[in-house]
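Contents: one structure, followed by commentary.
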Amino acid sequence: MPAIEAIDRADPEALAVFDAVIDVRSPSEFAEDHVPGAVNLPVLDDAERARVGTIYVQDSPFRARRIGAALVARNVAHHLETALADKPGGFRPLVYCWRGGQRSGSMATILANVGWRTTVLAGGYKTYRRHVQTRLYEDALALRLVLLAGRTGSGKTQLLTALAARGVQTLDLEALAEHRGSVFGDLGHPQPSQKLFESRLLAALERLDPARPVIVEAEASKIGDRMAPPMLWKAMTAAPRIVLTVPAAVRARHLATQYAHVVADRAAFEAALARLPVHIGRTTLEAWRGLADTRDLEALAAALIETHYDPAYDRADRKEGRPPPLASLALTDLAPEDLDAAAREIEAMLARVG
């Protein structure tokens, strides 16, 4: 029988030598979290895994293994005839399952017998997850963060995009969390799980050059329903800030374009209102519902800025222990040319401070 190799590391350097990382867990397990760049070739789908587990507990472990083996063989055969059909003789896959047990072993045995140099991740996904937890919950962040701060609606996300286009290192937490961060920041689809958010975050961090500064939008510790890990949050609270100042009317116009899909979905709009602090009175909420009904989104955004967003920003800004701003940057508008000019100014500023 061809030898199957094993590794017990799941860092980018260890994974880079493989032509493919194959996650053989069920689709729901894969959706919750997976090694970045992995492909899901399940040896048992969710229904099959539940069926085999039920037979194992309620009927017979032997019968469960026999039925499971038949299902695994059938599913691996399908993958060989589809996703793996064009792989050459020198193909080198890494295979993993939940704990590096029967599912990855079954797939690896067949792939090795095909003639491919096959490796399994010892400990499976749990080995990878320990790597993520160590990096995000225990190790210090070896990056020089610079926060891009400013009141809600100041175009920070759009400025991050403009900075990235100029080659400045950026970290877009809202993109990773699939949420704009504010009460009305829902993008109309579920956020990734906390584990998947952390996997995406670590992959983004590991691509950054520690010798160069990294611009990251100033966020709360919670982005929608996803929490910034302690390592990152500690670094962000100590990072210098570049503060954007933008007129309230400009911010309201900008937020109106961001909120259109939330307001159009009445259930999503009501869910956003429910997340507002309790001190927002019933009369105010009814007025905002009226603005939503008439699609006066700029007026709605202006009211939210005055009543909710700016007071919350001012309270956070008065917190003790926050480092003084590195710089302040005033924008009169958020048109592409204004954002590009601001990006050039920040790029020059970073060059001066090293």
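Letters A, B, ... mark the chains of the structure tokens in the order given; residue numbers begin at 1 per chain; ligand numbers begin at 1, in order shown.
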*Assign secondary structure with DSSP using the backbone only, and return the residues of segment 186-276 of chain A in strand (DSSP E or B) as a list in words.*
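Assigned to strand (DSSP E or B), within segment 186-276 of chain A: Val214, Ile215, Val216, Glu217, Lys222, Ile223, Arg226, Met227, Arg241, Ile242, Val243, Leu244 and Thr245 of chain A.
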Just N, CA and C atoms for this one: save the residues we selected as a compact mmCIF listing (two decimals), in the first residue's frame.
```
# COMPACT_ATOMS: atom_id res chain seq x y z
N VAL A 214 -0.11 49.53 8.46
CA VAL A 214 -1.36 48.96 7.97
C VAL A 214 -2.50 49.88 8.40
N ILE A 215 -3.28 50.36 7.42
CA ILE A 215 -4.44 51.20 7.73
C ILE A 215 -5.65 50.31 7.97
N VAL A 216 -6.31 50.51 9.10
CA VAL A 216 -7.51 49.73 9.43
C VAL A 216 -8.56 50.70 9.93
N GLU A 217 -9.79 50.49 9.51
CA GLU A 217 -10.87 51.37 9.94
C GLU A 217 -11.13 51.19 11.42
N LYS A 222 -17.12 44.94 18.28
CA LYS A 222 -18.09 44.04 17.65
C LYS A 222 -18.51 44.63 16.32
N ILE A 223 -18.38 43.83 15.26
CA ILE A 223 -18.75 44.24 13.91
C ILE A 223 -19.98 43.42 13.55
N ARG A 226 -20.03 39.82 15.01
CA ARG A 226 -18.71 39.22 15.05
C ARG A 226 -17.76 40.06 15.91
N MET A 227 -17.01 39.37 16.76
CA MET A 227 -16.12 40.04 17.71
C MET A 227 -14.70 40.09 17.16
N ARG A 241 -4.29 57.38 15.36
CA ARG A 241 -5.48 57.56 14.52
C ARG A 241 -5.31 58.72 13.55
N ILE A 242 -5.81 58.51 12.36
CA ILE A 242 -6.03 59.60 11.41
C ILE A 242 -7.53 59.85 11.40
N VAL A 243 -7.95 61.04 11.79
CA VAL A 243 -9.37 61.33 11.98
C VAL A 243 -9.90 62.11 10.78
N LEU A 244 -10.96 61.57 10.15
CA LEU A 244 -11.63 62.26 9.06
C LEU A 244 -12.74 63.14 9.61
N THR A 245 -12.84 64.36 9.07
CA THR A 245 -13.97 65.23 9.40
C THR A 245 -14.71 65.55 8.10
```
*Which of these, A:Val72, A:Cys97, A:Ala248, A:Leu143, has the shortest distance to Thr127 of chain A once you count only C-alpha atoms?*
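Nearest candidate to Thr127 of chain A out of A:Val72, A:Cys97, A:Ala248, A:Leu143: A:Cys97.
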*asked:* Using only C-alpha atoms, which protein or nucleic acid residues come within 6 Å of Ala252 of chain A? Drop anything in the same chain fewer than 4 positions from it, and give the result as a list in words.
replied: Glu298, Ala301 and Ala302 of chain A
*Shortest interatomic distance to Arg151 of chain A - which of A:Ala218, A:Leu15, A:Leu350, A:Ala3, counting only C-alpha atoms*: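 That would be A:Ala218, the residue with the smallest distance to Arg151 of chain A.
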*Residue contacts of Leu160 of chain A (12 Å, only C-alpha atoms) excluding same-chain residues fewer than 3 positions away, as a PyMOL selection string*: chain A and resi 146-149+154-157+163-175+214-218+339-340+342-344+346-347
For C-alpha atoms, I'd like the residues from the last selection saved as a PDB file, in the first residue's frame.
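The resulting file, part08.pdb, is shown below:
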```pdb
ATOM      1  CA  VAL A 146      -2.897  53.079  11.975  1.00  0.00           C
ATOM      2  CA  LEU A 147      -6.613  53.641  12.553  1.00  0.00           C
ATOM      3  CA  LEU A 148      -8.769  55.500  10.071  1.00  0.00           C
ATOM      4  CA  ALA A 149     -11.311  57.167  12.344  1.00  0.00           C
ATOM      5  CA  SER A 154     -17.384  59.684   6.667  1.00  0.00           C
ATOM      6  CA  GLY A 155     -16.486  57.358   3.800  1.00  0.00           C
ATOM      7  CA  LYS A 156     -13.864  55.392   5.702  1.00  0.00           C
ATOM      8  CA  THR A 157     -14.545  52.147   3.848  1.00  0.00           C
ATOM      9  CA  LEU A 163      -5.672  53.565  -0.277  1.00  0.00           C
ATOM     10  CA  ALA A 164      -5.417  49.895  -1.280  1.00  0.00           C
ATOM     11  CA  ALA A 165      -5.532  50.932  -4.937  1.00  0.00           C
ATOM     12  CA  ARG A 166      -2.458  53.088  -4.296  1.00  0.00           C
ATOM     13  CA  GLY A 167      -0.556  50.155  -2.779  1.00  0.00           C
ATOM     14  CA  VAL A 168      -1.027  51.144   0.864  1.00  0.00           C
ATOM     15  CA  GLN A 169      -1.475  48.161   3.174  1.00  0.00           C
ATOM     16  CA  THR A 170      -5.041  48.006   4.476  1.00  0.00           C
ATOM     17  CA  LEU A 171      -7.144  45.664   6.580  1.00  0.00           C
ATOM     18  CA  ASP A 172     -10.865  45.809   5.794  1.00  0.00           C
ATOM     19  CA  LEU A 173     -12.592  44.279   8.808  1.00  0.00           C
ATOM     20  CA  GLU A 174     -16.060  45.089   7.496  1.00  0.00           C
ATOM     21  CA  ALA A 175     -15.400  43.131   4.305  1.00  0.00           C
ATOM     22  CA  VAL A 214      -1.362  48.958   7.969  1.00  0.00           C
ATOM     23  CA  ILE A 215      -4.442  51.199   7.733  1.00  0.00           C
ATOM     24  CA  VAL A 216      -7.511  49.732   9.426  1.00  0.00           C
ATOM     25  CA  GLU A 217     -10.873  51.366   9.938  1.00  0.00           C
ATOM     26  CA  ALA A 218     -11.604  52.273  13.543  1.00  0.00           C
ATOM     27  CA  LEU A 339     -11.289  60.223  -1.779  1.00  0.00           C
ATOM     28  CA  ASP A 340      -8.335  59.889  -4.138  1.00  0.00           C
ATOM     29  CA  ALA A 342      -7.304  62.070   0.689  1.00  0.00           C
ATOM     30  CA  ALA A 343      -5.617  58.758  -0.129  1.00  0.00           C
ATOM     31  CA  ARG A 344      -2.648  60.598  -1.638  1.00  0.00           C
ATOM     32  CA  ILE A 346      -2.467  59.788   3.816  1.00  0.00           C
ATOM     33  CA  GLU A 347       0.079  57.913   1.675  1.00  0.00           C
TER      34      GLU A 347
END
```
*Name the closest residue to Asp33 of chain A among the candidates A:Ala341, A:Leu196, A:Ala239, A:Met349; distances are taken between atoms, counting only C-alpha atoms.*
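The answer is A:Leu196, which sits nearest to Asp33 of chain A.
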_Neighbour list for Ile67 of chain A as a list in words, cut-off 12 Å, only C-alpha atoms, skip fewer than 2 positions in-chain_ = Leu44, Glu48, Arg49, Arg51, Val52, Gly53, Thr54, Ile55, Tyr56, Ser60, Pro61, Phe62, Arg63, Ala64, Arg65, Ala69, Ala70, Leu71, Val72, Ala73 and Arg74 of chain A
*asked:* Excluding segment 16-25 of chain A and its own-chain neighbours fewer than 2 positions away, which residues fall within 8 Å of it when counting only C-alpha atoms? Please give them as a PyMOL selection string.
replied: chain A and resi 12-14+27+29-30+34-35+37-45+91-98+103-104+107
Write to file, as a tab-separated table (two decimals), in the first residue's frame, the residues of the selection just made, with C-alpha atoms.
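Contents of selection-v8.tsv, freshly written:
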```
chain	number	residue	atom	x	y	z
A	12	PRO	CA	0.67	29.09	5.46
A	13	GLU	CA	4.28	27.95	5.06
A	14	ALA	CA	3.36	24.33	5.78
A	27	PRO	CA	-20.93	20.87	3.58
A	29	GLU	CA	-19.07	21.77	8.65
A	30	PHE	CA	-17.18	23.36	5.77
A	34	HIS	CA	-12.41	25.79	6.91
A	35	VAL	CA	-8.77	26.23	6.01
A	37	GLY	CA	-8.31	28.08	0.06
A	38	ALA	CA	-9.55	24.56	0.85
A	39	VAL	CA	-12.02	22.83	-1.47
A	40	ASN	CA	-14.89	20.83	-0.05
A	41	LEU	CA	-15.03	17.26	-1.37
A	42	PRO	CA	-17.15	15.59	1.30
A	43	VAL	CA	-16.96	11.85	1.77
A	44	LEU	CA	-20.34	12.05	3.52
A	45	ASP	CA	-22.86	14.85	3.02
A	91	PHE	CA	-0.63	16.07	-8.02
A	92	ARG	CA	0.08	16.52	-4.30
A	93	PRO	CA	-3.03	16.94	-2.10
A	94	LEU	CA	-3.42	17.56	1.63
A	95	VAL	CA	-6.55	15.97	3.09
A	96	TYR	CA	-8.23	16.77	6.39
A	97	CYS	CA	-11.45	16.04	8.28
A	98	TRP	CA	-12.65	16.98	11.76
A	103	ARG	CA	-13.03	10.33	6.88
A	104	SER	CA	-9.68	11.83	5.88
A	107	MET	CA	-10.05	9.62	1.15
```
*Neighbour list for Arg135 of chain A as JSON, numbers by chain, cut-off 10 Å, only C-alpha atoms, skip fewer than 6 positions in-chain*: {"A": [129, 141, 202, 205, 206, 229, 231, 232]}
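Among A:Ala140, A:Ala47, A:Leu159, A:Ala235, the residue with the shortest atom-to-atom distance to Ser28 of chain A, counting only C-alpha atoms, is A:Ala47.
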